[in-house]
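Here's protein-v4.txt, which has compact mmCIF, C-alpha atoms and all ligand atoms:
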# COMPACT_ATOMS: atom_id res chain seq x y z
CA MET J 1 74.89 20.26 223.70
CA LYS J 2 75.40 23.87 222.74
CA ASP J 3 76.29 25.15 219.31
CA THR J 4 77.16 28.84 219.54
CA PHE J 5 78.05 31.60 217.05
CA LYS J 6 81.64 31.14 218.15
CA HIS J 7 81.51 27.48 217.13
CA LYS J 8 79.88 28.38 213.82
CA GLY J 9 82.57 30.95 213.11
CA LEU J 10 85.36 28.47 213.87
CA ARG J 11 83.62 25.92 211.65
CA GLN J 12 83.52 28.35 208.75
CA LYS J 13 87.28 28.80 209.11
CA LEU J 14 87.70 25.01 209.10
CA VAL J 15 85.71 24.81 205.86
CA GLU J 16 88.02 27.43 204.33
CA THR J 17 91.07 25.47 205.52
CA ILE J 18 90.00 22.18 203.94
CA ALA J 19 88.86 23.95 200.75
CA ALA J 20 92.36 25.48 200.55
CA LYS J 21 93.81 21.97 200.91
CA GLY J 22 91.91 20.92 197.79
CA ILE J 23 88.38 19.79 198.70
CA LYS J 24 86.07 21.06 195.95
CA ASP J 25 82.74 19.29 196.44
CA GLU J 26 80.34 22.01 197.65
CA ALA J 27 77.95 19.54 199.26
CA VAL J 28 80.79 18.03 201.30
CA LEU J 29 82.04 21.47 202.39
CA LYS J 30 78.49 22.44 203.35
CA ALA J 31 78.11 19.27 205.43
CA ILE J 32 81.34 20.02 207.33
CA GLY J 33 80.08 23.57 207.85
CA ASN J 34 76.81 22.29 209.31
CA ILE J 35 78.02 19.62 211.73
CA PRO J 36 78.90 20.65 215.31
CA ARG J 37 82.14 18.61 215.48
CA HIS J 38 82.86 19.83 219.03
CA LEU J 39 79.91 17.77 220.26
CA PHE J 40 81.52 14.57 218.89
CA MET J 41 84.51 15.02 221.19
CA ASP J 42 84.98 14.90 224.96
CA SER J 43 84.49 18.33 226.49
CA GLY J 44 88.19 18.57 227.37
CA PHE J 45 88.95 18.81 223.68
CA LEU J 46 86.44 21.54 222.82
CA ASP J 47 89.16 23.99 221.87
CA HIS J 48 90.61 21.54 219.37
CA ALA J 49 87.37 20.63 217.63
CA TYR J 50 87.79 23.05 214.73
CA GLN J 51 91.44 22.48 214.02
CA ASP J 52 92.05 20.25 211.03
CA LYS J 53 93.37 17.41 213.19
CA ALA J 54 92.45 13.93 214.36
CA PHE J 55 91.71 13.62 218.10
CA PRO J 56 91.30 10.84 220.65
CA ILE J 57 87.78 9.62 221.46
CA ALA J 58 86.82 6.71 223.75
CA ALA J 59 88.34 3.20 223.60
CA ASP J 60 91.72 4.38 222.27
CA GLN J 61 90.20 5.42 218.96
CA THR J 62 90.22 8.72 217.10
CA ILE J 63 87.82 11.03 215.33
CA SER J 64 89.40 11.39 211.86
CA GLN J 65 90.91 14.64 210.65
CA PRO J 66 88.19 16.75 208.92
CA TYR J 67 90.27 16.96 205.72
CA THR J 68 90.50 13.17 205.62
CA VAL J 69 86.75 12.77 206.19
CA ALA J 70 86.08 15.29 203.40
CA PHE J 71 88.60 13.61 201.07
CA GLN J 72 87.10 10.15 201.56
CA THR J 73 83.55 11.48 201.22
CA GLU J 74 84.41 13.36 198.02
CA LEU J 75 85.78 10.13 196.53
CA LEU J 76 82.50 8.34 197.29
CA GLN J 77 80.53 10.81 195.09
CA VAL J 78 77.41 10.41 197.21
CA LYS J 79 74.03 11.24 195.63
CA ARG J 80 70.87 11.73 197.72
CA GLY J 81 69.27 8.37 198.47
CA ASP J 82 72.47 6.37 197.89
CA LYS J 83 72.99 3.37 200.12
CA ILE J 84 76.36 3.81 201.86
CA LEU J 85 78.15 1.42 204.23
CA GLU J 86 80.76 2.78 206.64
CA ILE J 87 83.25 0.54 208.43
CA GLY J 88 84.34 2.08 211.75
CA THR J 89 81.50 4.22 213.18
CA GLY J 90 83.72 5.66 215.93
CA SER J 91 82.38 9.03 217.07
CA GLY J 92 79.74 9.05 214.31
CA TYR J 93 81.19 12.16 212.65
CA GLN J 94 81.71 10.56 209.22
CA ALA J 95 78.23 9.01 209.49
CA ALA J 96 76.81 12.49 210.18
CA VAL J 97 78.52 13.83 207.04
CA LEU J 98 76.91 11.03 205.01
CA CYS J 99 73.50 11.76 206.58
CA GLU J 100 73.90 15.46 205.66
CA LEU J 101 74.43 14.38 202.04
CA GLY J 102 71.11 12.50 202.09
CA ALA J 103 72.60 9.00 202.05
CA LYS J 104 70.97 5.96 203.61
CA VAL J 105 73.74 5.18 206.08
CA TYR J 106 74.74 1.78 207.46
CA SER J 107 77.74 1.74 209.77
CA ILE J 108 79.62 -1.03 211.60
CA GLU J 109 81.69 -0.60 214.79
CA ARG J 110 83.62 -3.32 216.60
CA GLN J 111 84.04 -1.55 219.95
CA GLN J 112 80.92 -2.00 222.02
CA GLU J 113 81.55 1.13 224.08
CA LEU J 114 81.66 3.34 220.98
CA PHE J 115 78.77 1.52 219.34
CA LYS J 116 76.54 2.20 222.35
CA LYS J 117 77.64 5.79 222.84
CA THR J 118 77.26 6.78 219.18
CA SER J 119 73.93 4.92 218.77
CA LYS J 120 72.48 7.20 221.45
CA PHE J 121 74.29 10.35 220.42
CA LEU J 122 73.56 10.67 216.67
CA PRO J 123 69.73 10.74 216.96
CA ARG J 124 70.03 13.42 219.67
CA LEU J 125 71.65 15.62 217.02
CA GLY J 126 68.95 14.71 214.49
CA TYR J 127 71.09 12.26 212.48
CA ARG J 128 69.32 8.98 211.76
CA PRO J 129 71.44 6.33 210.09
CA LYS J 130 69.38 3.41 208.72
CA LYS J 131 71.36 0.99 210.85
CA LEU J 132 74.30 1.05 213.27
CA ILE J 133 75.75 -2.41 213.77
CA PHE J 134 78.01 -3.84 216.48
CA GLY J 135 80.14 -6.27 214.51
CA ASP J 136 83.13 -6.97 212.33
CA GLY J 137 83.58 -4.68 209.38
CA TYR J 138 85.81 -7.17 207.54
CA LYS J 139 82.62 -9.04 206.68
CA GLY J 140 80.67 -6.02 205.45
CA LEU J 141 76.89 -6.27 205.68
CA PRO J 142 75.77 -8.96 203.21
CA GLU J 143 72.10 -8.77 204.26
CA GLU J 144 71.86 -5.14 203.10
CA ALA J 145 74.13 -5.36 200.01
CA PRO J 146 74.64 -4.17 197.35
CA PHE J 147 75.81 -0.65 198.22
CA ASP J 148 76.43 2.45 196.09
CA GLY J 149 79.46 3.17 198.23
CA ILE J 150 81.54 1.71 201.05
CA VAL J 151 83.97 3.77 203.12
CA VAL J 152 86.49 2.24 205.51
CA THR J 153 87.65 4.65 208.21
CA ALA J 154 90.43 2.53 209.72
CA GLY J 155 93.70 1.36 208.18
CA ALA J 156 93.16 -2.00 206.47
CA PRO J 157 96.14 -4.39 206.14
CA PHE J 158 94.48 -5.75 202.97
CA VAL J 159 91.26 -5.20 200.99
CA PRO J 160 88.55 -7.47 202.45
CA LYS J 161 86.96 -9.43 199.56
CA PRO J 162 83.41 -9.18 200.98
CA LEU J 163 83.55 -5.38 200.66
CA LEU J 164 84.32 -5.55 196.93
CA ALA J 165 81.61 -8.21 196.51
CA GLN J 166 79.01 -5.98 198.21
CA LEU J 167 79.36 -3.06 195.75
CA LYS J 168 76.80 -2.35 193.03
CA VAL J 169 78.14 -2.16 189.49
CA GLY J 170 79.21 1.50 189.35
CA GLY J 171 79.70 1.49 193.13
CA ARG J 172 82.80 2.85 194.88
CA LEU J 173 84.91 1.49 197.73
CA VAL J 174 87.16 4.00 199.50
CA ILE J 175 89.72 2.25 201.70
CA PRO J 176 93.06 3.22 203.26
CA VAL J 177 95.33 0.19 202.71
CA GLY J 178 98.59 -0.48 204.57
CA ASP J 179 100.12 -1.16 207.97
CA ASP J 180 101.99 1.85 209.38
CA VAL J 181 101.07 4.23 206.58
CA GLN J 182 98.05 3.68 204.36
CA VAL J 183 97.51 4.46 200.71
CA MET J 184 94.03 5.86 200.12
CA THR J 185 92.63 3.51 197.51
CA LEU J 186 89.47 3.86 195.42
CA TYR J 187 87.92 0.84 193.70
CA ILE J 188 85.14 1.39 191.17
CA ARG J 189 83.14 -1.68 190.21
CA LYS J 190 82.90 -1.86 186.43
CA GLY J 191 81.30 -5.29 186.10
CA ALA J 192 80.73 -8.60 187.89
CA LYS J 193 84.46 -9.27 188.15
CA GLU J 194 85.95 -6.03 186.93
CA PHE J 195 87.29 -3.27 189.23
CA GLU J 196 89.14 -0.08 188.44
CA LYS J 197 91.74 0.87 191.07
CA HIS J 198 93.09 4.36 191.88
CA GLU J 199 95.72 5.21 194.51
CA LEU J 200 95.40 8.67 196.01
CA GLY J 201 98.19 9.38 198.46
CA ASP J 202 99.35 8.48 201.95
CA PHE J 203 97.29 8.78 205.14
CA ARG J 204 97.52 7.50 208.72
CA PHE J 205 94.63 5.75 210.44
CA VAL J 206 94.11 3.62 213.54
CA PRO J 207 94.16 -0.04 212.45
CA LEU J 208 91.19 -2.05 211.26
CA LEU J 209 91.19 -4.88 213.79
CA GLU J 210 89.86 -8.40 213.50
CA ASP J 211 87.24 -9.88 215.86
CA LYS J 212 84.95 -7.63 217.86
CA ASN J 213 85.28 -7.27 221.63
N1 LIG R 301 84.52 7.19 211.24
C1 LIG R 301 85.01 7.48 212.57
C2 LIG R 301 86.51 7.22 212.66
C3 LIG R 301 86.79 6.32 213.81
S1 LIG R 301 88.41 5.63 213.88
C4 LIG R 301 84.67 8.89 212.99
O1 LIG R 301 84.21 9.67 212.14
O2 LIG R 301 84.83 9.22 214.16
C5 LIG R 301 88.12 4.00 213.25
C6 LIG R 301 87.06 3.17 213.95
O3 LIG R 301 87.08 1.86 213.35
C7 LIG R 301 87.28 2.95 215.44
O4 LIG R 301 86.14 3.36 216.14
C8 LIG R 301 87.49 1.44 215.56
O5 LIG R 301 86.98 0.89 216.76
C9 LIG R 301 86.76 0.91 214.34
N2 LIG R 301 87.16 -0.41 213.88
C10 LIG R 301 88.38 -0.98 213.88
N3 LIG R 301 88.35 -2.22 213.36
C11 LIG R 301 87.05 -2.44 212.99
C12 LIG R 301 86.37 -3.55 212.39
N4 LIG R 301 87.00 -4.68 212.05
N5 LIG R 301 85.05 -3.43 212.15
C13 LIG R 301 84.38 -2.29 212.48
N6 LIG R 301 84.97 -1.22 213.05
C14 LIG R 301 86.29 -1.30 213.32

Written as structure tokens, that's how I'd like the structure from this file.
Amino acid sequence: MKDTFKHKGLRQKLVETIAAKGIKDEAVLKAIGNIPRHLFMDSGFLDHAYQDKAFPIAADQTISQPYTVAFQTELLQVKRGDKILEIGTGSGYQAAVLCELGAKVYSIERQQELFKKTSKFLPRLGYRPKKLIFGDGYKGLPEEAPFDGIVVTAGAPFVPKPLLAQLKVGGRLVIPVGDDVQVMTLYIRKGAKEFEKHELGDFRFVPLLEDKN
């Protein structure tokens, strides 16, 4: 679990790369600059950790591309103390970004292997989400709702109704919607039944799957 000057230097370059691609939020850039992404990947992939690319993790899943993580996080407009729900804990990298921003983080993962691994790993790095849950993200987390923000980190074939229902008024849902290619979609809750919808370009994610295993 080493974080060296070399890693820090590579990370600074990564921050410059994603800033050049259009990420403006200083707090998000700072979070990416602080988090040792190489530790979230298997050691065989160390050399790739600071390229702006997605990479395989356990259970046939991926750690999202840093630009994508930054883009989704920027859309959430996280303020310190906000209650944020993530669907798809995976490696825990996105959860770490949310912790760096001072959010109270809840995150759901449907793969037991990843759930167990990441539950142990994040606290070792000093990141303490409020709750990591082994379960089905399609249902959200009704017992902890409402949330200031919800971020889905897998490609959703449709927008699960419970996620919209679990937003505060003023809250934001960031969700990639589609089958082979996903459209990054932002919903802002304007009232009990009123949502504003924005579509923000094409992305590719691993699929959001039904039923945990
Ligand atoms: N946020 C992660 C990205 C992981 S990829 C990171 O930063 O590394 C997407 C993750 O969503 C995978 O780990 C996958 O197992 C999980 N997933 C897929 N369908 C899900 C569901 N219905 N509920 C919760 N998690 C799900």

**Study point:** Long-range neighbours of range 39-52 of chain J as JSON, numbers by chain, 10 Å cut-off, all atoms listed in the file, 5 positions minimum in chain
**Key:** {"J": [1, 2, 3, 7, 8, 9, 10, 11, 12, 13, 14, 15, 17, 18, 57, 58, 62, 63, 64, 65, 66, 67, 68, 90, 91, 92, 93, 118, 121, 122, 125]}

Point to revise | ligand LIG 301 (chain R) neighbours within 7 Å using all atoms listed in the file, as a PyMOL selection string | key: chain J and resi 61-64+87-95+108-111+114+135-138+153-154+206-212

Exercise for review: Point out the residue among J:Glu26, J:Glu113, J:Glu144, J:Glu86 with the least atom-to-atom distance to Glu74 in chain J, counting only C-alpha atoms.
Suggested key: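 Ranking J:Glu26, J:Glu113, J:Glu144, J:Glu86 by distance to Glu74 in chain J, first place goes to J:Glu26.
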
May I have the centre and edge lengths, in Å to one decimal, of an axis-aligned box around the listed atoms of range 25-37 of chain J with 4 Å added to every side, as AutoDock Vina command-line options?
--center_x 79.8 --center_y 20.8 --center_z 206.0 --size_x 13.9 --size_y 13.5 --size_z 27.0

Exercise for review: Could you check which of J:Ser119, J:Lys139, J:Lys197, J:Asp179 is closest to Pro162 in chain J, using only C-alpha atoms?
Suggested key: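 Closest to Pro162 in chain J, using only C-alpha atoms: J:Lys139.
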
Review point. Skipping near chain neighbours, those fewer than 4 positions away, what residues fall within 10 Å of Val97 in chain J using all atoms listed in the file, listed as a ChimeraX atom specification?
Key: /J:27-35,69-70,73,92-93,101-103,105,127

Practice item. May I ask for the distance between CA of Pro160 in chain J and CA of Ile23 in chain J, given in Å to one decimal place? Key: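 A separation of 27.5 Å between them.
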
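Counting only C-alpha atoms, the residue from J:Thr185, J:Gln112, J:Ser107, J:Gln77 that sits nearest to Asp25 in chain J is J:Gln77.
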
Review point. Closest to Gly81 in chain J among J:Lys21, J:Leu132, J:Ala96, J:Phe147, using all atoms listed in the file?
Key: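 Result for the nearest residue to Gly81 in chain J: J:Phe147.
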
Check your understanding: Given the choices J:Leu163, J:Ala156, J:Glu196, J:Lys116, which gets closest to Val181 in chain J if the distance is worked out from all atoms listed in the file?
Key ->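 Ranked by minimum distance to Val181 in chain J, first place goes to J:Ala156.
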
Review point. Distance CA of Val159 in chain J-CA of Leu76 in chain J, one decimal place?
Key: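 It comes out at 16.5 Å.
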
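Nearest to Lys131 in chain J of all the residues J:Val152, J:Val183, J:Leu85, J:Ala145 is J:Leu85, counting all atoms listed in the file.
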
Study note, to complete from the structure: re CA of Arg189 in chain J and CA of Lys83 in chain J: distance 15.1 Å
